[in-house]
$ cat input_30.txt   # compact mmCIF, C-alpha atoms
# COMPACT_ATOMS: atom_id res chain seq x y z
CA LEU Z 1 79.16 87.02 104.31
CA ALA Z 2 80.28 87.75 100.75
CA LYS Z 3 83.96 87.11 100.24
CA THR Z 4 85.85 89.82 98.43
CA THR Z 5 88.90 89.57 96.19
CA GLN Z 6 91.17 92.48 95.37
CA PRO Z 7 94.68 92.89 94.04
CA ILE Z 8 97.32 92.60 96.75
CA SER Z 9 99.19 95.68 95.61
CA MET Z 10 99.19 98.49 93.07
CA ASP Z 11 101.71 101.15 92.13
CA SER Z 12 100.91 104.60 90.79
CA TYR Z 13 102.45 108.03 90.33
CA GLU Z 14 101.33 111.34 91.69
CA GLY Z 15 98.58 112.97 89.68
CA GLN Z 16 97.33 109.77 88.13
CA GLU Z 17 93.86 108.30 88.52
CA VAL Z 18 93.86 104.99 90.34
CA ASN Z 19 91.17 102.37 89.95
CA ILE Z 20 91.04 99.45 92.36
CA THR Z 21 88.63 96.68 91.47
CA CYS Z 22 87.06 94.31 93.94
CA SER Z 23 85.20 91.10 93.16
CA HIS Z 24 82.30 89.97 95.33
CA ASN Z 25 80.58 87.26 93.33
CA ASN Z 26 78.35 86.09 96.18
CA ILE Z 27 76.99 89.47 97.18
CA ALA Z 28 73.49 89.30 98.62
CA THR Z 29 70.54 91.49 97.77
CA ASN Z 30 70.77 93.53 100.96
CA ASP Z 31 74.56 93.91 100.95
CA TYR Z 32 76.18 97.29 100.60
CA ILE Z 33 79.71 97.77 99.29
CA THR Z 34 82.02 99.78 101.46
CA TRP Z 35 85.62 100.86 101.04
CA TYR Z 36 88.01 101.77 103.83
CA GLN Z 37 91.50 103.26 103.82
CA GLN Z 38 94.10 102.40 106.42
CA PHE Z 39 97.44 104.04 107.11
CA PRO Z 40 100.08 102.22 109.18
CA SER Z 41 99.29 102.12 112.89
CA GLN Z 42 95.92 103.80 112.42
CA GLY Z 43 92.36 102.57 112.39
CA PRO Z 44 90.56 102.19 109.06
CA ARG Z 45 88.91 105.30 107.67
CA PHE Z 46 85.62 105.15 105.78
CA ILE Z 47 85.98 106.28 102.18
CA ILE Z 48 82.77 105.53 100.35
CA GLN Z 49 79.78 103.23 100.29
CA GLY Z 50 77.32 102.26 97.60
CA TYR Z 51 74.65 99.82 96.55
CA LYS Z 52 74.50 100.16 92.78
CA THR Z 53 75.53 102.33 89.82
CA LYS Z 54 77.80 105.18 90.80
CA VAL Z 55 78.49 107.05 94.00
CA THR Z 56 80.78 110.04 94.25
CA ASN Z 57 82.01 112.07 97.19
CA GLU Z 58 84.78 114.56 97.76
CA VAL Z 59 87.36 111.81 98.06
CA ALA Z 60 86.50 109.09 95.56
CA SER Z 61 84.02 107.52 93.20
CA LEU Z 62 82.58 104.05 93.41
CA PHE Z 63 81.37 102.27 90.31
CA ILE Z 64 79.11 99.25 90.67
CA PRO Z 65 77.84 97.37 87.60
CA ALA Z 66 74.29 96.14 87.32
CA ASP Z 67 75.10 92.60 88.49
CA ARG Z 68 76.90 94.02 91.57
CA LYS Z 69 79.44 91.20 91.47
CA SER Z 70 82.28 93.69 91.41
CA SER Z 71 83.00 97.28 92.24
CA THR Z 72 85.71 99.77 91.38
CA LEU Z 73 87.07 102.42 93.68
CA SER Z 74 88.38 105.37 91.69
CA LEU Z 75 90.79 107.83 93.26
CA PRO Z 76 91.31 110.91 91.08
CA ARG Z 77 94.76 112.49 90.89
CA VAL Z 78 96.42 110.60 93.70
CA SER Z 79 99.11 112.15 95.85
CA LEU Z 80 101.85 110.64 98.00
CA SER Z 81 99.52 110.83 101.00
CA ASP Z 82 97.16 108.37 99.34
CA THR Z 83 99.71 105.61 99.92
CA ALA Z 84 97.77 103.22 102.13
CA VAL Z 85 95.95 99.91 102.23
CA TYR Z 86 92.46 99.97 100.77
CA TYR Z 87 89.87 97.45 101.86
CA CYS Z 88 86.72 96.49 100.02
CA LEU Z 89 83.97 95.02 102.17
CA VAL Z 90 80.36 94.04 101.75
CA LEU Z 91 77.96 94.49 104.61
CA GLY Z 92 74.46 93.21 104.94
CA GLY Z 93 72.57 96.04 106.55
CA SER Z 94 72.49 96.49 110.29
CA GLN Z 95 72.98 92.81 111.02
CA GLY Z 96 76.26 92.33 109.25
CA ASN Z 97 79.76 92.41 110.64
CA LEU Z 98 82.68 93.89 108.75
CA ILE Z 99 85.07 91.09 107.88
CA PHE Z 100 88.28 92.40 106.35
CA GLY Z 101 90.09 90.69 103.51
CA LYS Z 102 93.73 91.29 102.69
CA GLY Z 103 93.18 94.68 101.09
CA THR Z 104 95.14 96.40 98.34
CA LYS Z 105 98.35 98.14 99.22
CA LEU Z 106 98.57 101.24 97.05
CA SER Z 107 101.97 102.84 96.66
CA VAL Z 108 102.05 106.31 95.12
CA LYS Z 109 105.43 107.42 93.83
CA PRO Z 110 106.63 110.93 93.04
CA GLY J 111 81.68 111.92 110.61
CA ALA J 112 81.21 110.17 113.90
CA VAL J 113 84.23 109.91 116.19
CA VAL J 114 85.48 106.88 118.06
CA SER J 115 88.32 107.19 120.52
CA GLN J 116 90.55 104.61 122.15
CA HIS J 117 92.61 104.83 125.27
CA PRO J 118 95.46 104.29 125.67
CA SER J 119 96.96 104.74 122.22
CA TRP J 120 99.84 102.54 123.21
CA VAL J 121 100.75 100.47 126.24
CA ILE J 122 103.67 98.34 127.34
CA CYS J 123 103.10 95.75 130.02
CA LYS J 124 104.92 92.85 131.58
CA SER J 125 104.03 89.28 130.84
CA GLY J 126 101.35 87.97 133.18
CA THR J 127 99.69 91.30 133.85
CA SER J 128 96.32 92.48 132.59
CA VAL J 129 95.66 95.45 130.37
CA LYS J 130 92.42 97.32 129.80
CA ILE J 131 91.67 99.21 126.58
CA GLU J 132 88.76 101.61 126.36
CA CYS J 133 86.72 102.41 123.29
CA ARG J 134 84.34 105.36 123.28
CA SER J 135 81.88 106.71 120.76
CA LEU J 136 82.13 110.44 121.30
CA ASP J 137 79.18 111.89 119.48
CA PHE J 138 76.77 109.05 118.91
CA GLN J 139 75.30 106.09 120.67
CA ALA J 140 76.87 102.82 119.64
CA THR J 141 74.43 99.96 119.73
CA THR J 142 77.13 97.56 118.66
CA MET J 143 80.88 97.67 119.17
CA PHE J 144 83.52 95.49 117.59
CA TRP J 145 87.05 94.58 118.56
CA TYR J 146 89.70 93.73 116.00
CA ARG J 147 93.30 92.68 116.24
CA GLN J 148 95.91 93.37 113.61
CA PHE J 149 99.39 91.88 113.43
CA PRO J 150 102.12 93.55 111.37
CA LYS J 151 101.51 93.48 107.61
CA GLN J 152 98.26 91.60 108.10
CA SER J 153 94.63 92.52 107.81
CA LEU J 154 92.26 93.23 110.65
CA MET J 155 90.89 90.15 112.35
CA LEU J 156 87.52 90.42 114.07
CA MET J 157 87.76 89.20 117.65
CA ALA J 158 84.33 89.84 119.06
CA THR J 159 81.11 91.74 118.74
CA SER J 160 79.28 93.26 121.66
CA ASN J 161 75.90 94.82 122.07
CA GLU J 162 75.20 97.17 124.93
CA GLY J 163 74.04 95.34 128.00
CA SER J 164 74.61 91.84 126.71
CA LYS J 165 77.46 89.37 126.52
CA ALA J 166 79.92 89.64 123.72
CA THR J 167 79.96 87.19 120.84
CA TYR J 168 83.46 85.90 120.17
CA GLU J 169 84.81 84.74 116.86
CA GLN J 170 86.07 81.19 116.57
CA GLY J 171 89.50 80.76 118.09
CA VAL J 172 89.31 83.81 120.35
CA GLU J 173 89.46 82.94 124.05
CA LYS J 174 86.64 84.72 125.83
CA ASP J 175 88.25 84.21 129.24
CA LYS J 176 91.44 85.86 128.06
CA PHE J 177 89.90 88.76 126.19
CA LEU J 178 87.20 90.15 128.44
CA ILE J 179 84.80 92.54 126.78
CA ASN J 180 82.40 94.79 128.60
CA HIS J 181 79.89 97.03 126.83
CA ALA J 182 78.31 98.71 129.82
CA SER J 183 76.89 101.76 128.08
CA LEU J 184 75.99 102.98 124.63
CA THR J 185 79.21 104.97 124.44
CA LEU J 186 81.80 102.75 126.10
CA SER J 187 83.23 99.30 125.55
CA THR J 188 86.32 97.89 127.21
CA LEU J 189 88.65 95.08 126.22
CA THR J 190 90.75 93.55 128.97
CA VAL J 191 93.63 91.33 127.96
CA THR J 192 94.17 89.10 130.98
CA SER J 193 97.47 87.47 131.81
CA ALA J 194 99.05 88.98 128.75
CA HIS J 195 101.91 87.21 126.99
CA PRO J 196 104.30 88.41 124.29
CA GLU J 197 102.21 86.72 121.59
CA ASP J 198 99.35 89.04 122.55
CA SER J 199 101.40 91.98 121.36
CA SER J 200 99.40 93.48 118.56
CA PHE J 201 97.43 96.48 117.34
CA TYR J 202 93.93 96.42 118.80
CA ILE J 203 91.24 98.40 117.02
CA CYS J 204 87.68 98.97 118.07
CA SER J 205 84.78 100.12 115.97
CA ALA J 206 81.31 101.27 116.75
CA ARG J 207 78.06 101.12 114.89
CA GLY J 208 74.97 103.05 115.72
CA LEU J 209 72.64 105.78 114.63
CA ALA J 210 75.17 108.14 113.14
CA GLY J 211 75.23 110.00 109.87
CA GLY J 212 71.77 108.83 109.00
CA LEU J 213 72.86 105.27 108.30
CA ASP J 214 72.40 102.75 111.06
CA TYR J 215 74.94 100.34 109.64
CA GLU J 216 77.86 102.67 109.19
CA GLN J 217 80.80 101.50 111.23
CA TYR J 218 83.36 103.93 112.61
CA PHE J 219 86.80 102.89 113.73
CA GLY J 220 88.95 104.05 116.58
CA PRO J 221 92.61 105.01 116.10
CA GLY J 222 93.85 101.74 117.57
CA THR J 223 95.91 100.74 120.61
CA ARG J 224 99.40 99.33 120.26
CA LEU J 225 99.98 96.68 122.94
CA THR J 226 103.48 95.44 123.60
CA VAL J 227 103.96 92.67 126.15
CA THR J 228 107.50 92.22 127.40
$ encode --input "input_30.txt" --output "structure tokens"
Amino acid sequence: LAKTTQPISMDSYEGQEVNITCSHNNIATNDYITWYQQFPSQGPRFIIQGYKTKVTNEVASLFIPADRKSSTLSLPRVSLSDTAVYYCLVLGGSQGNLIFGKGTKLSVKP
Amino acid sequence: GAVVSQHPSWVICKSGTSVKIECRSLDFQATTMFWYRQFPKQSLMLMATSNEGSKATYEQGVEKDKFLINHASLTLSTLTVTSAHPEDSSFYICSARGLAGGLDYEQYFGPGTRLTVT
């Protein structure tokens, strides 16, 4: 399983764009990159998943460079309700298990 | 997206008793279910993986005789904490993976169960 490294914490203000970068130097060919959001005392919530280049949905964008050794989750115009822990994981198809790292605690201030 | 439920959402039990937590995939068939444990201010720790109809695979350091997992159907998995002790107090989260949303490796998480052992 590819190990991921992300900043422990980040601070932002409402309305700003937040970019959280994750390193996964040992990512395998069949690994996908997935990001989850977790609020206190709740289960993780799927945000976005990608394999390469750029993926965008109604919540976030995911940028993956050609070497796939890192990825960046971009949250546009964050609000106070985006304060949460964000986890970056890599998963190898249907045979992989999601192993969580420490995540990034994002604090959005007014 | 696919929905996974857990019951109960919280439970308080006395030391030495057993507690059962249910995990259900509500609108899809879960070929694989996972159980995690999360202590305060820590990340999720995978405890075990179970496939429907077969024995669960436990992660290193997790006592299989203490944390009994049953995955009897494609929509239900149960975790029984036997002879619970205060150190078992934690937030238990299940997740399910199956043919949902067009991707057979998407994993959906339940809301978690807060266990407090007194």
$ interface_residues --input "input_30.txt" --of "chain J" --to "chain Z" --cutoff "8 Å" --atoms "all atoms listed in the file" --output "list in words"
Gln152, Ser153, Leu154, Met155, Leu156, Phe201, Ile203, Asp214, Tyr215, Tyr218, Phe219, Gly220, Pro221, Gly222 and Arg224 of chain J
$ closest_residue --input "input_30.txt" --among "J:Cys204, J:Ala182, J:Leu136, J:Ala194" --to "J:Thr228" --atoms "only C-alpha atoms"
J:Ala194
$ residues_around --input "input_30.txt" --residues "J:Thr159" --least-positions-apart "5" --cutoff "9 Å" --atoms "only C-alpha atoms" --output "number ranges by chain"
Z: 97; J: 142-145, 165-169, 179
$ residues_around --input "input_30.txt" --residues "Z:Glu14" --least-positions-apart "4" --cutoff "10 Å" --atoms "all atoms listed in the file" --output "PyMOL selection string"
chain Z and resi 18+77-82+107-110
$ atom_distance --input "input_30.txt" --atom1 "atom CA of J:Ser187" --atom2 "atom CA of J:Glu162"
8.3 Å
$ closest_residue --input "input_30.txt" --among "Z:Gln37, Z:Thr53, Z:Thr72, Z:Ser23" --to "Z:Lys105" --atoms "all atoms listed in the file"
Z:Gln37
$ residues_around --input "input_30.txt" --residues "J:Arg207" --least-positions-apart "4" --cutoff "6 Å" --atoms "only C-alpha atoms" --output "ChimeraX atom specification"
/J:140,142,216-217
$ decode --input "input_30.txt" --residues "stretch 166-202 of chain J" --atoms "N, CA, C and O atoms" --output "CSV table (one decimal), in the first residue's frame"
chain,number,residue,atom,x,y,z
J,166,ALA,N,-13.6,-13.3,8.7
J,166,ALA,CA,-12.9,-12.0,8.6
J,166,ALA,C,-11.4,-12.1,8.6
J,166,ALA,O,-10.9,-13.0,9.3
J,167,THR,N,-10.8,-11.1,8.0
J,167,THR,CA,-9.3,-11.0,8.1
J,167,THR,C,-9.0,-9.9,9.0
J,167,THR,O,-9.3,-8.7,8.8
J,168,TYR,N,-8.3,-10.2,10.1
J,168,TYR,CA,-8.0,-9.2,11.1
J,168,TYR,C,-6.6,-8.6,10.9
J,168,TYR,O,-5.6,-9.3,10.5
J,169,GLU,N,-6.5,-7.3,11.2
J,169,GLU,CA,-5.2,-6.6,11.1
J,169,GLU,C,-4.3,-7.1,12.3
J,169,GLU,O,-4.8,-7.5,13.4
J,170,GLN,N,-3.0,-6.9,12.1
J,170,GLN,CA,-2.1,-7.3,13.2
J,170,GLN,C,-2.4,-6.5,14.5
J,170,GLN,O,-2.6,-5.3,14.5
J,171,GLY,N,-2.4,-7.3,15.6
J,171,GLY,CA,-2.7,-6.6,16.9
J,171,GLY,C,-4.1,-6.6,17.3
J,171,GLY,O,-4.4,-6.2,18.4
J,172,VAL,N,-5.0,-7.0,16.4
J,172,VAL,CA,-6.5,-7.0,16.7
J,172,VAL,C,-6.9,-8.4,17.1
J,172,VAL,O,-6.7,-9.3,16.3
J,173,GLU,N,-7.4,-8.5,18.3
J,173,GLU,CA,-7.8,-9.9,18.8
J,173,GLU,C,-9.1,-10.3,18.2
J,173,GLU,O,-10.2,-9.8,18.4
J,174,LYS,N,-9.0,-11.4,17.4
J,174,LYS,CA,-10.2,-11.9,16.7
J,174,LYS,C,-11.2,-12.5,17.7
J,174,LYS,O,-12.4,-12.5,17.4
J,175,ASP,N,-10.7,-13.0,18.8
J,175,ASP,CA,-11.7,-13.6,19.8
J,175,ASP,C,-12.4,-12.5,20.6
J,175,ASP,O,-13.4,-12.8,21.2
J,176,LYS,N,-11.9,-11.4,20.6
J,176,LYS,CA,-12.5,-10.3,21.3
J,176,LYS,C,-13.4,-9.4,20.4
J,176,LYS,O,-14.5,-9.0,20.9
J,177,PHE,N,-13.0,-9.3,19.2
J,177,PHE,CA,-13.8,-8.5,18.3
J,177,PHE,C,-14.4,-9.5,17.2
J,177,PHE,O,-13.7,-9.8,16.2
J,178,LEU,N,-15.6,-10.0,17.5
J,178,LEU,CA,-16.2,-11.0,16.6
J,178,LEU,C,-16.9,-10.3,15.4
J,178,LEU,O,-17.7,-9.4,15.6
J,179,ILE,N,-16.5,-10.7,14.2
J,179,ILE,CA,-17.2,-10.1,13.1
J,179,ILE,C,-17.9,-11.2,12.3
J,179,ILE,O,-17.4,-12.2,12.0
J,180,ASN,N,-19.2,-10.8,11.9
J,180,ASN,CA,-20.0,-11.7,11.2
J,180,ASN,C,-20.5,-10.9,9.9
J,180,ASN,O,-21.1,-9.9,10.1
J,181,HIS,N,-20.3,-11.5,8.8
J,181,HIS,CA,-20.8,-10.9,7.5
J,181,HIS,C,-21.7,-11.9,6.9
J,181,HIS,O,-21.4,-12.5,5.9
J,182,ALA,N,-22.9,-12.0,7.4
J,182,ALA,CA,-23.8,-13.1,7.0
J,182,ALA,C,-24.5,-12.9,5.7
J,182,ALA,O,-25.0,-13.8,5.1
J,183,SER,N,-24.7,-11.6,5.3
J,183,SER,CA,-25.4,-11.3,4.1
J,183,SER,C,-24.6,-10.2,3.4
J,183,SER,O,-23.7,-9.6,3.9
J,184,LEU,N,-25.1,-9.9,2.2
J,184,LEU,CA,-24.4,-8.9,1.4
J,184,LEU,C,-24.8,-7.4,1.8
J,184,LEU,O,-24.3,-6.5,1.2
J,185,THR,N,-25.7,-7.4,2.8
J,185,THR,CA,-26.1,-6.0,3.3
J,185,THR,C,-25.9,-5.9,4.8
J,185,THR,O,-26.2,-4.8,5.3
J,186,LEU,N,-25.3,-6.9,5.5
J,186,LEU,CA,-25.2,-6.7,6.9
J,186,LEU,C,-23.9,-7.4,7.4
J,186,LEU,O,-23.6,-8.5,7.1
J,187,SER,N,-23.2,-6.6,8.3
J,187,SER,CA,-22.1,-7.1,9.0
J,187,SER,C,-22.2,-6.7,10.4
J,187,SER,O,-22.7,-5.6,10.7
J,188,THR,N,-21.8,-7.5,11.3
J,188,THR,CA,-21.9,-7.2,12.8
J,188,THR,C,-20.5,-7.3,13.4
J,188,THR,O,-19.7,-8.2,13.1
J,189,LEU,N,-20.3,-6.4,14.3
J,189,LEU,CA,-19.1,-6.4,15.2
J,189,LEU,C,-19.5,-6.6,16.6
J,189,LEU,O,-20.3,-5.8,17.1
J,190,THR,N,-19.1,-7.6,17.2
J,190,THR,CA,-19.4,-7.8,18.7
J,190,THR,C,-18.1,-7.7,19.5
J,190,THR,O,-17.1,-8.4,19.2
J,191,VAL,N,-18.2,-6.7,20.4
J,191,VAL,CA,-17.0,-6.5,21.3
J,191,VAL,C,-17.4,-7.4,22.5
J,191,VAL,O,-18.3,-7.1,23.3
J,192,THR,N,-16.6,-8.4,22.7
J,192,THR,CA,-16.9,-9.3,23.9
J,192,THR,C,-16.1,-8.9,25.1
J,192,THR,O,-15.0,-8.4,25.0
J,193,SER,N,-16.7,-9.1,26.2
J,193,SER,CA,-16.1,-8.8,27.5
J,193,SER,C,-15.4,-7.4,27.4
J,193,SER,O,-14.2,-7.3,27.6
J,194,ALA,N,-16.2,-6.4,27.1
J,194,ALA,CA,-15.7,-5.1,26.9
J,194,ALA,C,-15.0,-4.5,28.2
J,194,ALA,O,-15.5,-4.8,29.3
J,195,HIS,N,-14.0,-3.7,28.0
J,195,HIS,CA,-13.3,-3.1,29.1
J,195,HIS,C,-13.2,-1.6,28.7
J,195,HIS,O,-13.3,-1.2,27.6
J,196,PRO,N,-12.9,-0.7,29.7
J,196,PRO,CA,-12.9,0.7,29.4
J,196,PRO,C,-11.9,1.1,28.3
J,196,PRO,O,-12.2,2.0,27.6
J,197,GLU,N,-10.8,0.3,28.1
J,197,GLU,CA,-9.9,0.7,27.0
J,197,GLU,C,-10.5,0.4,25.7
J,197,GLU,O,-9.9,0.8,24.6
J,198,ASP,N,-11.6,-0.3,25.6
J,198,ASP,CA,-12.3,-0.6,24.3
J,198,ASP,C,-13.2,0.6,24.0
J,198,ASP,O,-13.7,0.6,22.8
J,199,SER,N,-13.3,1.5,24.8
J,199,SER,CA,-14.2,2.7,24.5
J,199,SER,C,-13.5,3.4,23.4
J,199,SER,O,-12.3,3.8,23.4
J,200,SER,N,-14.3,3.6,22.3
J,200,SER,CA,-13.8,4.2,21.1
J,200,SER,C,-14.9,4.5,20.2
J,200,SER,O,-16.1,4.3,20.5
J,201,PHE,N,-14.6,5.1,19.0
J,201,PHE,CA,-15.6,5.3,17.9
J,201,PHE,C,-15.3,4.3,16.9
J,201,PHE,O,-14.3,4.2,16.3
J,202,TYR,N,-16.4,3.4,16.7
J,202,TYR,CA,-16.2,2.3,15.7
J,202,TYR,C,-17.0,2.7,14.4
J,202,TYR,O,-18.2,3.1,14.5
